[in-house]
Amino acid sequence: MTRFSKTGYILSTAGSAIGLGGIWGFPYLVGQNGGFAFVLVFVLAFLVFGVSVFIVEMLFGRASGQNSVSTFENFAPKHLKFLKYGGFMVISGVLIFAFYVVVLGWLVHYMFLSIIGLPKTLETTQNLWGGFISNQIGWQMLWHFTIVALCAYVLNRGVKAGIEKLNLILMPLLLFIFLGLLAYSMTQDAFVESFKFLFHPNFEKINAEVIVRAIGQAFFSLSLGVGVILVYSNSMPKHGNFVRFAIVIALLNFFFCLVAGLVIFTFIFGYGAEPTEGVGLVFISLPLIFANMGVVGQVIAFLFFVSLIFAGVTSAVSMLEPLNSYLIERFSMKRHKANLISILSAYALGIIALLSNTATFSADLTFFDKNLFDWFVYLTSSFMLPLAGVFMCLYMGWILPKEQVYAMLEGKLGGIFFKSWYFVIRFIAPLGILAAMVNLI
Ligand code: TRP
């Protein structure tokens with residue numbers, strides 16, 4: 001089996017984790033939930049929940065060396081064979097890919113618009129976005145196709161020559177652009193305000209809901225519950241402290257979220273805009289600010305969209321790998337055939353999601369007040385991912401014998417650290433994730 005190199009594993013897994021969810025979800029949540037209070041809770045959620053569940057998924061993948069369906073099958077005791085159905089999570093990857101890549105297509109469009117010139121008033125910016133999303137089917141399909149084709153190409157080349165290579169190139173570039181944006185923000189007056197906002201302690205804002213939202217965000221942001229970490233860990237380098245890998249990946253992810261927050265708030269505060277949510281933030285508030293900053297704004301807008309595209313593409317390629325490895329191992333398929341099946345299904349679902357936002361098709365593709373795009377988002381992030389997370393924790397914490405779990409850790413986690421982790425995955429993590437899920441429903 002071709003394995004990731006150590007750097008390749010860390011960057012590819014971090015590449016999967018660092019994506020649109022973290023970069024634009026985190027600043028919004030911070031804005032809504034009182035700045036530093038949320039940052040603090042988020043760090044704890046990341047380190048306690050995130051890293052613990054991450055290790056669970058990693059261990060399953062490393063110990064089995066197989067796709068998620070076979071993994072859950074092989075570890076199941078004789079009388080509990082139904083546990084193999086935990087492998088359903090490979091479907092989540094396809095559904096996430098479907099809507100995620102549509103968003104990447106929008107970003108490509110805006111990257112080009114940033115070169116041509118973005119509109120300068122709120123009204124024209126809003127109209128541009130509204131018109132694009134509901135009427136410009138051709139452009140959306142073109143960019144959507146472009147990204148899908150790129151992912152197909154990378155995935156066809158396999159783990160080492162495809163996924164690892166892509167991440168070895170894009171992740172350092174992403175870091176570079178982010179540091180550049182951060183350096184520019186630091187020269188702005190509003191940076192101080194942005195910094196204070198993110199680091200000023202205002203503990204009275206911490207309540208149960210904030211904690212639960214932080215857990216949900218940490219979970220989604222680390223790409224857990226899809227089987228991505230599991231299959232990537234199949235090809236983890238043989239040696240090396242994988243518990244340390246988990247911590248490094250979580251910290252890298254947190255670092256990117258934080259820098260994104262600092263940069264975005266500098267612009268938002270500098271221009272007196274409101275910290276808004278995902279799509280409104282990225283396609284309306286920020287472009288409007290950039291457009292009014294002259295040439296510098298144009299460069300920043302371009303780099304901003306490019307960085308989001310890089311972050312997103314490295315996440316997108318990971319989403320189909322669980323299904324790919326299932327098809328390859330279970331049906332002895334060649335990689336390109338397995339990949340064709342997963343790409344085509346995700347592409348078709350993506351087109352449906354894309355069309356469900358448009359004026360012409362939205363009525364036909366809306367069910368119970370939600371169009372299919374929103375349904376895909378909702379079903380995966382509010383149900384399938386958290387359920388899979390709870391499933392894996394309970395499986396490892398309650399079904400597998402403690403000695404077996406201990407052995408799977410290969411001596412990388414011992415003493416009090418093992419005890420605490422084991423306690424977290426048996427009790428705290430399942431309850432926390434369930435609470436996050438109920439809150440999202
Ligand atoms: N972590 C990704 C982000 O923040 C989103 C994501 C969630 C994901 N689950 C995933 C990406 C599974 C890849 C695979 O954008």
# chains A, B, ... in the order shown; residues from 1 in each chain; ligands from 1

call {"tool": "residues_near_ligand", "arguments": {"ligand": "ligand 1", "cutoff": "8 Å", "atoms": "only C-alpha atoms and all ligand atoms", "output": "MDAnalysis selection string"}}
result
chainID A and resid 16:23 25 93 96:97 219:228 311:312 315:319 381 385

call {"tool": "write_last_selection", "arguments": {"atoms": "N, CA and C atoms", "output": "mmCIF file, in the first residue's frame"}}
result
data_model
loop_
_atom_site.group_PDB
_atom_site.id
_atom_site.type_symbol
_atom_site.label_atom_id
_atom_site.label_comp_id
_atom_site.auth_asym_id
_atom_site.auth_seq_id
_atom_site.Cartn_x
_atom_site.Cartn_y
_atom_site.Cartn_z
ATOM 1 N N SER A 16 -8.135 18.645 4.674
ATOM 2 C CA SER A 16 -9.538 18.241 4.711
ATOM 3 C C SER A 16 -10.286 19.053 5.763
ATOM 4 N N ALA A 17 -9.644 19.220 6.899
ATOM 5 C CA ALA A 17 -10.317 19.907 8.007
ATOM 6 C C ALA A 17 -10.480 21.408 7.738
ATOM 7 N N ILE A 18 -9.399 22.044 7.309
ATOM 8 C CA ILE A 18 -9.449 23.488 7.091
ATOM 9 C C ILE A 18 -10.225 23.754 5.819
ATOM 10 N N GLY A 19 -11.370 24.376 5.960
ATOM 11 C CA GLY A 19 -12.197 24.584 4.774
ATOM 12 C C GLY A 19 -13.195 25.690 5.007
ATOM 13 N N LEU A 20 -14.199 25.743 4.149
ATOM 14 C CA LEU A 20 -15.172 26.828 4.232
ATOM 15 C C LEU A 20 -15.887 26.837 5.573
ATOM 16 N N GLY A 21 -16.163 25.632 6.093
ATOM 17 C CA GLY A 21 -16.897 25.529 7.358
ATOM 18 C C GLY A 21 -16.193 26.300 8.457
ATOM 19 N N GLY A 22 -14.895 26.054 8.599
ATOM 20 C CA GLY A 22 -14.144 26.727 9.650
ATOM 21 C C GLY A 22 -13.921 28.185 9.336
ATOM 22 N N ILE A 23 -13.453 28.449 8.110
ATOM 23 C CA ILE A 23 -13.025 29.807 7.790
ATOM 24 C C ILE A 23 -14.168 30.800 7.798
ATOM 25 N N GLY A 25 -17.422 29.946 8.955
ATOM 26 C CA GLY A 25 -18.360 29.646 10.034
ATOM 27 C C GLY A 25 -17.870 30.201 11.361
ATOM 28 N N GLY A 93 -20.250 11.700 2.787
ATOM 29 C CA GLY A 93 -19.189 12.350 2.015
ATOM 30 C C GLY A 93 -19.704 12.791 0.654
ATOM 31 N N ILE A 96 -22.060 15.803 1.121
ATOM 32 C CA ILE A 96 -21.343 17.043 1.441
ATOM 33 C C ILE A 96 -20.654 17.564 0.186
ATOM 34 N N PHE A 97 -20.010 16.646 -0.530
ATOM 35 C CA PHE A 97 -19.329 17.046 -1.764
ATOM 36 C C PHE A 97 -20.312 17.759 -2.697
ATOM 37 N N PHE A 219 -16.572 19.864 15.682
ATOM 38 C CA PHE A 219 -16.798 18.566 15.071
ATOM 39 C C PHE A 219 -16.822 18.658 13.540
ATOM 40 N N PHE A 220 -17.596 19.618 13.035
ATOM 41 C CA PHE A 220 -17.711 19.790 11.582
ATOM 42 C C PHE A 220 -16.377 20.229 10.995
ATOM 43 N N SER A 221 -15.748 21.116 11.711
ATOM 44 C CA SER A 221 -14.520 21.694 11.219
ATOM 45 C C SER A 221 -13.393 20.662 11.118
ATOM 46 N N LEU A 222 -13.417 19.651 11.974
ATOM 47 C CA LEU A 222 -12.354 18.641 11.910
ATOM 48 C C LEU A 222 -12.699 17.508 10.938
ATOM 49 N N SER A 223 -13.744 17.675 10.152
ATOM 50 C CA SER A 223 -14.146 16.671 9.152
ATOM 51 C C SER A 223 -14.437 15.306 9.764
ATOM 52 N N LEU A 224 -14.995 15.309 10.983
ATOM 53 C CA LEU A 224 -15.259 14.028 11.634
ATOM 54 C C LEU A 224 -16.603 13.456 11.194
ATOM 55 N N GLY A 225 -16.764 12.156 11.367
ATOM 56 C CA GLY A 225 -18.062 11.531 11.136
ATOM 57 C C GLY A 225 -18.388 11.244 9.687
ATOM 58 N N VAL A 226 -17.394 11.295 8.806
ATOM 59 C CA VAL A 226 -17.641 10.985 7.397
ATOM 60 C C VAL A 226 -16.817 9.758 6.991
ATOM 61 N N GLY A 227 -15.801 9.490 7.811
ATOM 62 C CA GLY A 227 -14.908 8.389 7.469
ATOM 63 C C GLY A 227 -13.671 8.873 6.733
ATOM 64 N N VAL A 228 -13.550 10.206 6.580
ATOM 65 C CA VAL A 228 -12.374 10.752 5.899
ATOM 66 C C VAL A 228 -11.122 10.514 6.741
ATOM 67 N N ALA A 311 -8.554 26.303 0.192
ATOM 68 C CA ALA A 311 -8.983 25.622 1.416
ATOM 69 C C ALA A 311 -10.107 24.642 1.109
ATOM 70 N N GLY A 312 -11.011 25.061 0.220
ATOM 71 C CA GLY A 312 -12.169 24.230 -0.110
ATOM 72 C C GLY A 312 -11.811 23.025 -0.964
ATOM 73 N N SER A 315 -10.424 20.222 0.934
ATOM 74 C CA SER A 315 -11.457 19.516 1.698
ATOM 75 C C SER A 315 -12.275 18.642 0.754
ATOM 76 N N ALA A 316 -12.628 19.201 -0.404
ATOM 77 C CA ALA A 316 -13.511 18.486 -1.333
ATOM 78 C C ALA A 316 -12.916 17.149 -1.774
ATOM 79 N N VAL A 317 -11.609 17.130 -2.084
ATOM 80 C CA VAL A 317 -11.048 15.857 -2.563
ATOM 81 C C VAL A 317 -11.135 14.759 -1.498
ATOM 82 N N SER A 318 -11.179 15.172 -0.235
ATOM 83 C CA SER A 318 -11.218 14.131 0.797
ATOM 84 C C SER A 318 -12.596 13.478 0.923
ATOM 85 N N MET A 319 -13.626 14.198 0.538
ATOM 86 C CA MET A 319 -14.979 13.732 0.837
ATOM 87 C C MET A 319 -15.377 12.451 0.117
ATOM 88 N N SER A 381 -24.899 17.929 8.163
ATOM 89 C CA SER A 381 -24.275 18.538 9.336
ATOM 90 C C SER A 381 -25.104 18.390 10.603
ATOM 91 N N LEU A 385 -23.501 13.434 10.297
ATOM 92 C CA LEU A 385 -22.168 13.548 10.887
ATOM 93 C C LEU A 385 -22.175 13.343 12.402
#

call {"tool": "residues_around", "arguments": {"residues": "A:Gly415", "least_positions_apart": "6", "cutoff": "12 Å", "atoms": "only C-alpha atoms", "output": "JSON, numbers by chain"}}
result
{"A": [406, 421, 422]}

call {"tool": "write_last_selection", "arguments": {"atoms": "N, CA, C and O atoms", "output": "mmCIF file, in the first residue's frame"}}
result
data_model
loop_
_atom_site.group_PDB
_atom_site.id
_atom_site.type_symbol
_atom_site.label_atom_id
_atom_site.label_comp_id
_atom_site.auth_asym_id
_atom_site.auth_seq_id
_atom_site.Cartn_x
_atom_site.Cartn_y
_atom_site.Cartn_z
ATOM 1 N N TYR A 406 -6.823 -0.120 24.196
ATOM 2 C CA TYR A 406 -5.518 0.286 24.708
ATOM 3 C C TYR A 406 -4.407 -0.176 23.766
ATOM 4 O O TYR A 406 -3.479 0.579 23.463
ATOM 5 N N TRP A 421 -8.996 10.387 28.248
ATOM 6 C CA TRP A 421 -9.518 10.223 26.881
ATOM 7 C C TRP A 421 -10.637 9.184 26.861
ATOM 8 O O TRP A 421 -11.697 9.385 26.267
ATOM 9 N N TYR A 422 -10.395 8.066 27.557
ATOM 10 C CA TYR A 422 -11.375 6.980 27.561
ATOM 11 C C TYR A 422 -12.692 7.448 28.191
ATOM 12 O O TYR A 422 -13.774 7.141 27.710
#

call {"tool": "residues_around", "arguments": {"residues": "A:Leu122", "least_positions_apart": "4", "cutoff": "10 Å", "atoms": "only C-alpha atoms", "output": "list of chain:residue names"}}
result
A:Gln126, A:Asn127, A:Leu128, A:Ile284, A:Ser285, A:Pro287, A:Leu288, A:Ile289

call {"tool": "select_by_dssp", "arguments": {"residues": "stretch 191-386 of chain A", "states": "helix (DSSP H, G or I)", "output": "PyMOL selection string"}}
result
chain A and resi 191-199+203-205+208-221+228-234+242-270+278-291+294-319+321-330+335-355+372-386

call {"tool": "residues_around", "arguments": {"residues": "A:Tyr184", "least_positions_apart": "3", "cutoff": "12 Å", "atoms": "only C-alpha atoms", "output": "JSON list (two decimals) with C-alpha atoms, in the first residue's frame"}}
result
[["chain", "number", "residue", "atom", "x", "y", "z"],
["A", 177, "ILE", "CA", -1.76, 33.96, 1.51],
["A", 178, "PHE", "CA", -3.25, 33.92, 4.99],
["A", 179, "LEU", "CA", -0.10, 35.33, 6.53],
["A", 180, "GLY", "CA", -0.05, 38.00, 3.82],
["A", 181, "LEU", "CA", -3.65, 38.96, 4.56],
["A", 187, "THR", "CA", -1.31, 47.69, 9.29],
["A", 188, "GLN", "CA", -4.94, 48.78, 9.59],
["A", 189, "ASP", "CA", -6.36, 50.77, 12.52],
["A", 190, "ALA", "CA", -9.27, 48.40, 12.88],
["A", 191, "PHE", "CA", -6.92, 45.50, 13.59],
["A", 259, "VAL", "CA", -6.37, 34.17, 11.43],
["A", 262, "LEU", "CA", -8.74, 38.42, 12.74],
["A", 263, "VAL", "CA", -8.56, 39.34, 9.06],
["A", 264, "ILE", "CA", -12.29, 39.31, 8.42],
["A", 266, "THR", "CA", -10.45, 43.92, 10.65],
["A", 267, "PHE", "CA", -12.27, 44.64, 7.39],
["A", 296, "VAL", "CA", -5.37, 47.19, -2.85],
["A", 297, "GLY", "CA", -8.92, 46.00, -2.29],
["A", 299, "VAL", "CA", -5.76, 42.39, -4.83],
["A", 300, "ILE", "CA", -7.11, 41.45, -1.42],
["A", 303, "LEU", "CA", -6.37, 36.59, -2.72]]

call {"tool": "residues_around", "arguments": {"residues": "A:Thr2", "least_positions_apart": "4", "cutoff": "10 Å", "atoms": "only C-alpha atoms", "output": "PyMOL selection string"}}
result
chain A and resi 158-161+234-237

call {"tool": "residues_around", "arguments": {"residues": "stretch 55-60 of chain A", "least_positions_apart": "4", "cutoff": "6 Å", "atoms": "only C-alpha atoms", "output": "mmCIF file with C-alpha atoms, in the first residue's frame"}}
result
data_model
loop_
_atom_site.group_PDB
_atom_site.id
_atom_site.type_symbol
_atom_site.label_atom_id
_atom_site.label_comp_id
_atom_site.auth_asym_id
_atom_site.auth_seq_id
_atom_site.Cartn_x
_atom_site.Cartn_y
_atom_site.Cartn_z
ATOM 1 C CA ILE A 229 -10.073 10.659 8.896
ATOM 2 C CA LEU A 230 -10.641 6.915 9.001
ATOM 3 C CA SER A 233 -5.486 6.929 8.534
#

call {"tool": "residues_around", "arguments": {"residues": "A:Tyr153", "least_positions_apart": "6", "cutoff": "10 Å", "atoms": "only C-alpha atoms", "output": "MDAnalysis selection string"}}
result
chainID A and resid 147 162:163 317 336 339

call {"tool": "atom_distance", "arguments": {"atom1": "atom CA of A:Ala45", "atom2": "atom CA of A:Ala218"}}
result
6.3 Å

call {"tool": "closest_residue", "arguments": {"among": "A:Ala348, A:Val39, A:Ile133, A:Ala273", "to": "A:Leu107", "atoms": "only C-alpha atoms"}}
result
A:Ile133
